[in-house]
>>> print(open('start_24.pdb').read())   # PDB, C-alpha atoms
ATOM      1  CA  MET T   1      10.511   7.820 -30.865
ATOM      2  CA  THR T   2       7.289   6.060 -29.988
ATOM      3  CA  SER T   3       8.957   2.667 -29.769
ATOM      4  CA  TRP T   4      11.590   4.166 -27.468
ATOM      5  CA  ILE T   5       8.909   5.428 -25.073
ATOM      6  CA  ASP T   6       7.115   2.090 -25.350
ATOM      7  CA  GLY T   7      10.261   0.197 -24.411
ATOM      8  CA  LEU T   8      10.850   2.423 -21.400
ATOM      9  CA  SER T   9       7.226   1.954 -20.379
ATOM     10  CA  TRP T  10       7.562  -1.826 -20.688
ATOM     11  CA  ILE T  11      10.609  -1.771 -18.435
ATOM     12  CA  CYS T  12       8.874   0.378 -15.816
ATOM     13  CA  LEU T  13       5.668  -1.674 -15.778
ATOM     14  CA  VAL T  14       7.423  -5.049 -15.603
ATOM     15  CA  ALA T  15       9.835  -3.873 -12.895
ATOM     16  CA  GLY T  16       6.965  -2.362 -10.916
ATOM     17  CA  GLY T  17       4.964  -5.574 -11.173
ATOM     18  CA  ALA T  18       7.994  -7.584 -10.085
ATOM     19  CA  PHE T  19       8.513  -5.338  -7.049
ATOM     20  CA  CYS T  20       4.826  -5.681  -6.173
ATOM     21  CA  ILE T  21       5.083  -9.487  -6.251
ATOM     22  CA  VAL T  22       8.289  -9.419  -4.192
ATOM     23  CA  GLY T  23       6.614  -7.222  -1.593
ATOM     24  CA  ALA T  24       3.588  -9.497  -1.479
ATOM     25  CA  VAL T  25       5.749 -12.598  -0.978
ATOM     26  CA  GLY T  26       7.496 -10.760   1.852
ATOM     27  CA  LEU T  27       4.123  -9.822   3.307
ATOM     28  CA  LEU T  28       3.203 -13.494   3.308
ATOM     29  CA  ARG T  29       6.462 -14.989   4.614
ATOM     30  CA  MET T  30       7.945 -12.518   7.130
ATOM     31  CA  PRO T  31       7.793 -13.594  10.780
ATOM     32  CA  ASP T  32       6.166 -10.675  12.628
ATOM     33  CA  ILE T  33       4.204  -7.472  12.108
ATOM     34  CA  TYR T  34       7.154  -5.085  11.884
ATOM     35  CA  THR T  35       9.022  -7.023   9.213
ATOM     36  CA  ARG T  36       5.778  -7.500   7.313
ATOM     37  CA  MET T  37       5.352  -3.735   7.394
ATOM     38  CA  HIS T  38       8.833  -3.411   5.929
ATOM     39  CA  ALA T  39       7.912  -5.789   3.098
ATOM     40  CA  ALA T  40       4.628  -4.008   2.416
ATOM     41  CA  SER T  41       6.384  -0.675   2.065
ATOM     42  CA  VAL T  42       8.205  -2.070  -0.989
ATOM     43  CA  ILE T  43       4.811  -2.246  -2.708
ATOM     44  CA  GLU T  44       3.953   1.297  -1.705
ATOM     45  CA  THR T  45       7.191   2.935  -2.841
ATOM     46  CA  LEU T  46       8.911   1.095  -5.686
ATOM     47  CA  GLY T  47       5.915  -0.818  -6.989
ATOM     48  CA  VAL T  48       3.589   2.165  -7.077
ATOM     49  CA  GLY T  49       6.298   4.521  -8.317
ATOM     50  CA  LEU T  50       7.433   2.354 -11.205
ATOM     51  CA  ILE T  51       3.954   1.343 -12.360
ATOM     52  CA  LEU T  52       2.689   4.927 -12.265
ATOM     53  CA  LEU T  53       5.830   6.069 -14.102
ATOM     54  CA  GLY T  54       5.120   3.512 -16.802
ATOM     55  CA  LEU T  55       1.544   4.766 -17.114
ATOM     56  CA  VAL T  56       2.677   8.413 -17.217
ATOM     57  CA  LEU T  57       5.038   7.579 -20.085
ATOM     58  CA  GLN T  58       2.063   6.198 -22.007
ATOM     59  CA  ALA T  59      -0.125   9.214 -21.237
ATOM     60  CA  CYS T  60       2.335  11.916 -22.405
ATOM     61  CA  PHE T  61       1.386  15.481 -21.418
ATOM     62  CA  THR T  62      -2.358  15.322 -20.819
ATOM     63  CA  LEU T  63      -4.744  15.673 -17.908
ATOM     64  CA  VAL T  64      -4.357  11.928 -17.379
ATOM     65  CA  ALA T  65      -0.698  12.402 -16.494
ATOM     66  CA  ILE T  66      -1.636  15.054 -13.926
ATOM     67  CA  LYS T  67      -4.154  12.679 -12.362
ATOM     68  CA  LEU T  68      -1.522   9.948 -12.200
ATOM     69  CA  LEU T  69       0.803  12.418 -10.490
ATOM     70  CA  ILE T  70      -1.937  13.226  -7.964
ATOM     71  CA  ILE T  71      -2.345   9.496  -7.250
ATOM     72  CA  ALA T  72       1.414   9.107  -6.764
ATOM     73  CA  LEU T  73       1.553  12.074  -4.381
ATOM     74  CA  LEU T  74      -1.447  10.739  -2.446
ATOM     75  CA  ILE T  75       0.168   7.338  -1.953
ATOM     76  CA  LEU T  76       3.578   8.800  -1.129
ATOM     77  CA  PHE T  77       2.078  10.978   1.610
ATOM     78  CA  ALA T  78      -0.563   8.606   2.927
ATOM     79  CA  SER T  79       1.168   5.252   3.122
ATOM     80  CA  PRO T  80       4.054   6.321   5.440
ATOM     81  CA  THR T  81       1.422   7.930   7.667
ATOM     82  CA  ALA T  82      -0.597   4.725   7.785
ATOM     83  CA  THR T  83       2.519   2.622   8.380
ATOM     84  CA  HIS T  84       3.643   4.889  11.206
ATOM     85  CA  ALA T  85       0.223   4.765  12.847
ATOM     86  CA  LEU T  86       0.172   0.985  12.457
ATOM     87  CA  ALA T  87       3.612   0.515  14.025
ATOM     88  CA  ARG T  88       2.737   2.827  16.900
ATOM     89  CA  ALA T  89      -0.591   1.126  17.543
ATOM     90  CA  ALA T  90       1.046  -2.314  17.438
ATOM     91  CA  MET T  91       3.790  -1.195  19.832
ATOM     92  CA  ILE T  92       1.320   0.363  22.267
ATOM     93  CA  ARG T  93      -0.833  -2.749  22.232
ATOM     94  CA  GLY T  94       2.194  -4.837  23.212
ATOM     95  CA  GLN T  95       3.315  -6.574  20.021
ATOM     96  CA  LYS T  96       6.940  -7.607  20.503
ATOM     97  CA  PRO T  97       9.414  -7.625  17.586
ATOM     98  CA  VAL T  98      10.365 -11.294  17.153
ATOM     99  CA  LEU T  99      13.811 -10.691  15.717
ATOM    100  CA  ALA T 100      14.999  -7.990  18.143
ATOM    101  CA  ALA T 101      17.690  -8.690  20.724
ATOM    102  CA  ALA T 102      16.433  -8.818  24.296
ATOM    103  CA  GLU T 103      18.128  -5.585  25.399
ATOM    104  CA  ASP T 104      16.588  -3.616  22.501
ATOM    105  CA  LEU T 105      13.011  -4.264  23.517
ATOM    106  CA  PRO T 106      11.126  -1.357  25.125
ATOM    107  CA  SER T 107      11.041  -1.721  28.882
ATOM    108  CA  LYS T 108       7.731  -1.820  30.743
ATOM    109  CA  HIS T 109       7.715   1.335  32.831
TER     110      HIS T 109
ATOM    111  CA  MET W   1      -0.106  -5.999 -23.821
ATOM    112  CA  MET W   2       2.113  -4.245 -21.301
ATOM    113  CA  PHE W   3      -0.912  -3.184 -19.306
ATOM    114  CA  ALA W   4      -2.089  -6.798 -19.235
ATOM    115  CA  VAL W   5       1.261  -7.915 -17.777
ATOM    116  CA  ALA W   6       1.093  -5.229 -15.087
ATOM    117  CA  ALA W   7      -2.527  -6.149 -14.309
ATOM    118  CA  ILE W   8      -1.628  -9.835 -13.904
ATOM    119  CA  ALA W   9       1.258  -8.957 -11.568
ATOM    120  CA  LEU W  10      -1.058  -6.761  -9.516
ATOM    121  CA  LEU W  11      -3.640  -9.554  -9.329
ATOM    122  CA  VAL W  12      -0.992 -11.971  -7.994
ATOM    123  CA  THR W  13      -0.013  -9.338  -5.417
ATOM    124  CA  LEU W  14      -3.670  -8.990  -4.473
ATOM    125  CA  VAL W  15      -4.015 -12.741  -3.916
ATOM    126  CA  PHE W  16      -0.966 -12.834  -1.614
ATOM    127  CA  ALA W  17      -2.164  -9.841   0.393
ATOM    128  CA  LEU W  18      -5.605 -11.437   0.669
ATOM    129  CA  LEU W  19      -3.989 -14.620   2.019
ATOM    130  CA  ARG W  20      -2.182 -12.563   4.657
ATOM    131  CA  ALA W  21      -5.426 -10.824   5.575
ATOM    132  CA  ALA W  22      -7.075 -14.216   6.011
ATOM    133  CA  LEU W  23      -4.183 -15.824   7.924
ATOM    134  CA  GLY W  24      -2.862 -12.872   9.942
ATOM    135  CA  PRO W  25      -2.586 -13.831  13.600
ATOM    136  CA  THR W  26      -3.178 -10.348  15.019
ATOM    137  CA  VAL W  27      -5.517  -7.579  13.990
ATOM    138  CA  PHE W  28      -2.552  -5.403  12.994
ATOM    139  CA  ASP W  29      -1.471  -7.940  10.373
ATOM    140  CA  ARG W  30      -4.960  -7.783   8.932
ATOM    141  CA  ALA W  31      -4.945  -3.981   8.962
ATOM    142  CA  LEU W  32      -1.589  -3.956   7.185
ATOM    143  CA  ALA W  33      -2.829  -6.423   4.579
ATOM    144  CA  VAL W  34      -6.018  -4.422   4.026
ATOM    145  CA  ASN W  35      -3.947  -1.273   3.558
ATOM    146  CA  ALA W  36      -1.772  -3.055   0.981
ATOM    147  CA  ILE W  37      -4.905  -4.394  -0.758
ATOM    148  CA  GLY W  38      -6.264  -0.847  -0.991
ATOM    149  CA  THR W  39      -3.041   0.461  -2.513
ATOM    150  CA  VAL W  40      -2.816  -2.388  -5.010
ATOM    151  CA  SER W  41      -6.440  -2.118  -6.070
ATOM    152  CA  MET W  42      -5.942   1.613  -6.608
ATOM    153  CA  LEU W  43      -3.088   0.763  -8.985
ATOM    154  CA  LEU W  44      -5.212  -1.950 -10.581
ATOM    155  CA  LEU W  45      -7.976   0.581 -11.253
ATOM    156  CA  ALA W  46      -5.484   2.879 -12.983
ATOM    157  CA  VAL W  47      -4.011   0.038 -15.053
ATOM    158  CA  MET W  48      -7.466  -1.290 -16.010
ATOM    159  CA  GLY W  49      -8.420   2.180 -17.191
ATOM    160  CA  PHE W  50      -5.460   2.174 -19.550
ATOM    161  CA  LEU W  51      -6.146  -1.427 -20.569
ATOM    162  CA  ASN W  52      -9.679  -0.581 -21.656
ATOM    163  CA  GLY W  53      -8.668   2.743 -23.192
ATOM    164  CA  ARG W  54     -10.793   4.676 -20.709
ATOM    165  CA  PRO W  55      -8.523   6.693 -18.371
ATOM    166  CA  GLU W  56     -11.590   8.101 -16.589
ATOM    167  CA  PHE W  57     -11.057   5.278 -14.124
ATOM    168  CA  LEU W  58      -8.303   7.407 -12.577
ATOM    169  CA  ASP W  59     -10.935   9.494 -10.793
ATOM    170  CA  LEU W  60     -12.261   6.330  -9.171
ATOM    171  CA  ALA W  61      -8.701   5.432  -8.189
ATOM    172  CA  ILE W  62      -8.214   8.794  -6.469
ATOM    173  CA  VAL W  63     -11.477   8.443  -4.542
ATOM    174  CA  TYR W  64     -10.597   4.880  -3.565
ATOM    175  CA  GLY W  65      -7.204   5.970  -2.290
ATOM    176  CA  LEU W  66      -8.703   8.713  -0.109
ATOM    177  CA  LEU W  67     -11.236   6.263   1.343
ATOM    178  CA  ASN W  68      -8.451   3.762   1.969
ATOM    179  CA  VAL W  69      -6.422   6.260   3.994
ATOM    180  CA  ILE W  70      -9.386   7.321   6.098
ATOM    181  CA  GLY W  71     -10.429   3.712   6.680
ATOM    182  CA  THR W  72      -6.985   2.570   7.789
ATOM    183  CA  ILE W  73      -6.487   5.476  10.178
ATOM    184  CA  ALA W  74      -9.961   4.989  11.654
ATOM    185  CA  VAL W  75      -9.471   1.252  12.213
ATOM    186  CA  LEU W  76      -6.065   1.833  13.824
ATOM    187  CA  LYS W  77      -7.413   4.553  16.092
ATOM    188  CA  PHE W  78     -10.204   2.231  17.130
ATOM    189  CA  PHE W  79      -7.841  -0.611  17.974
ATOM    190  CA  ARG W  80      -5.385   1.682  19.720
ATOM    191  CA  TYR W  81      -7.821   3.430  22.022
ATOM    192  CA  GLY W  82     -10.781   1.071  21.853
ATOM    193  CA  ASP W  83     -12.941   4.059  20.894
ATOM    194  CA  LEU W  84     -13.485   6.340  17.926
ATOM    195  CA  GLY W  85     -14.846   9.384  19.761
ATOM    196  CA  ALA W  86     -12.996  12.335  21.199
ATOM    197  CA  SER W  87     -11.516  11.929  24.655
ATOM    198  CA  THR W  88     -13.414  13.569  27.492
ATOM    199  CA  GLY W  89     -10.340  14.799  29.340
ATOM    200  CA  ARG W  90     -10.153  12.176  32.069
ATOM    201  CA  GLU W  91      -8.871   9.342  29.882
ATOM    202  CA  THR W  92      -5.770  10.977  28.432
ATOM    203  CA  SER W  93      -3.372   8.668  30.231
ATOM    204  CA  THR W  94      -2.594   6.640  27.115
TER     205      THR W  94
END
>>> encode(input="start_24.pdb", output="structure tokens")
Amino acid sequence: MTSWIDGLSWICLVAGGAFCIVGAVGLLRMPDIYTRMHAASVIETLGVGLILLGLVLQACFTLVAIKLLIIALLILFASPTATHALARAAMIRGQKPVLAAAEDLPSKH
Amino acid sequence: MMFAVAAIALLVTLVFALLRAALGPTVFDRALAVNAIGTVSMLLLAVMGFLNGRPEFLDLAIVYGLLNVIGTIAVLKFFRYGDLGASTGRETST
């Protein structure tokens, strides 16, 4: 029983760490701000979700698990808000998407 | 052992995000990288609490996450409007 939970926890933690590294490599290598935002959101959804799930499996049904759930809810509500504000601020301040076709860009009027 | 693996992966993530914050050509890249650094260090606090057998670190992680949200929104509002205060009614054209 315990080894079963441990194995599941191993899988969640390693997969979460791998998704975090993938997101960070994307954050470093993507060409412009919008695609970097896309890469960073991998960290904030799959990375955070899997790592916190692995920790919850280790904590069983205690107050610690409730705190981990609060952290997960906080990140799941806050990081899309921050990403939306960031994209809007970047668009208003005139950052152009590098990879967009010319007719998809917002017109200046 | 599993917590150590997760902590090492999070540290590598932290280094990459720090590189982006140092390199980032625009201020928005830096804000994005700082936001990612805040999220990852929140996770790192939680994992380090488990690694040391002291899950009280989760409270610190919650506080750090709240500060991170407020900080990011404040910095973005500053760089969007060039001001943190309330508008006085005549500058609502943006």
>>> resolve_selection(input="start_24.pdb", expression="the ChimeraX specification (/T :<8) & /W", output="ChimeraX atom specification")
/W:2-3,5-6,9-10,12-14,16-17,19-20,28-29,31-33,36,39-40,43,47,50,55,58-59,61-62,65-66,69,72-73,76-77,79-80
>>> atom_distance(input="start_24.pdb", atom1="CA of Leu44 in chain W", atom2="CA of Asn68 in chain W")
14.2 Å
>>> atom_distance(input="start_24.pdb", atom1="CA of Phe57 in chain W", atom2="CA of Met42 in chain W")
9.8 Å
>>> atom_distance(input="start_24.pdb", atom1="CA of Val56 in chain T", atom2="CA of Leu8 in chain T")
11.0 Å
>>> closest_residue(input="start_24.pdb", among="T:Val42, T:Met30, T:Leu53, T:Cys60", to="Ala46 in chain W", atoms="all atoms listed in the file")
T:Leu53
>>> axis_aligned_box(input="start_24.pdb", around="range 50-56 of chain W", padding_each_side="3 Å", output="JSON")
{"center_x": -8.5, "center_y": 3.3, "center_z": -19.9, "size_x": 12.1, "size_y": 15.5, "size_z": 12.6}
>>> closest_residue(input="start_24.pdb", among="W:Arg30, W:Gly24, W:Leu51, W:Asn35", to="Pro80 in chain T", atoms="all atoms listed in the file")
W:Asn35
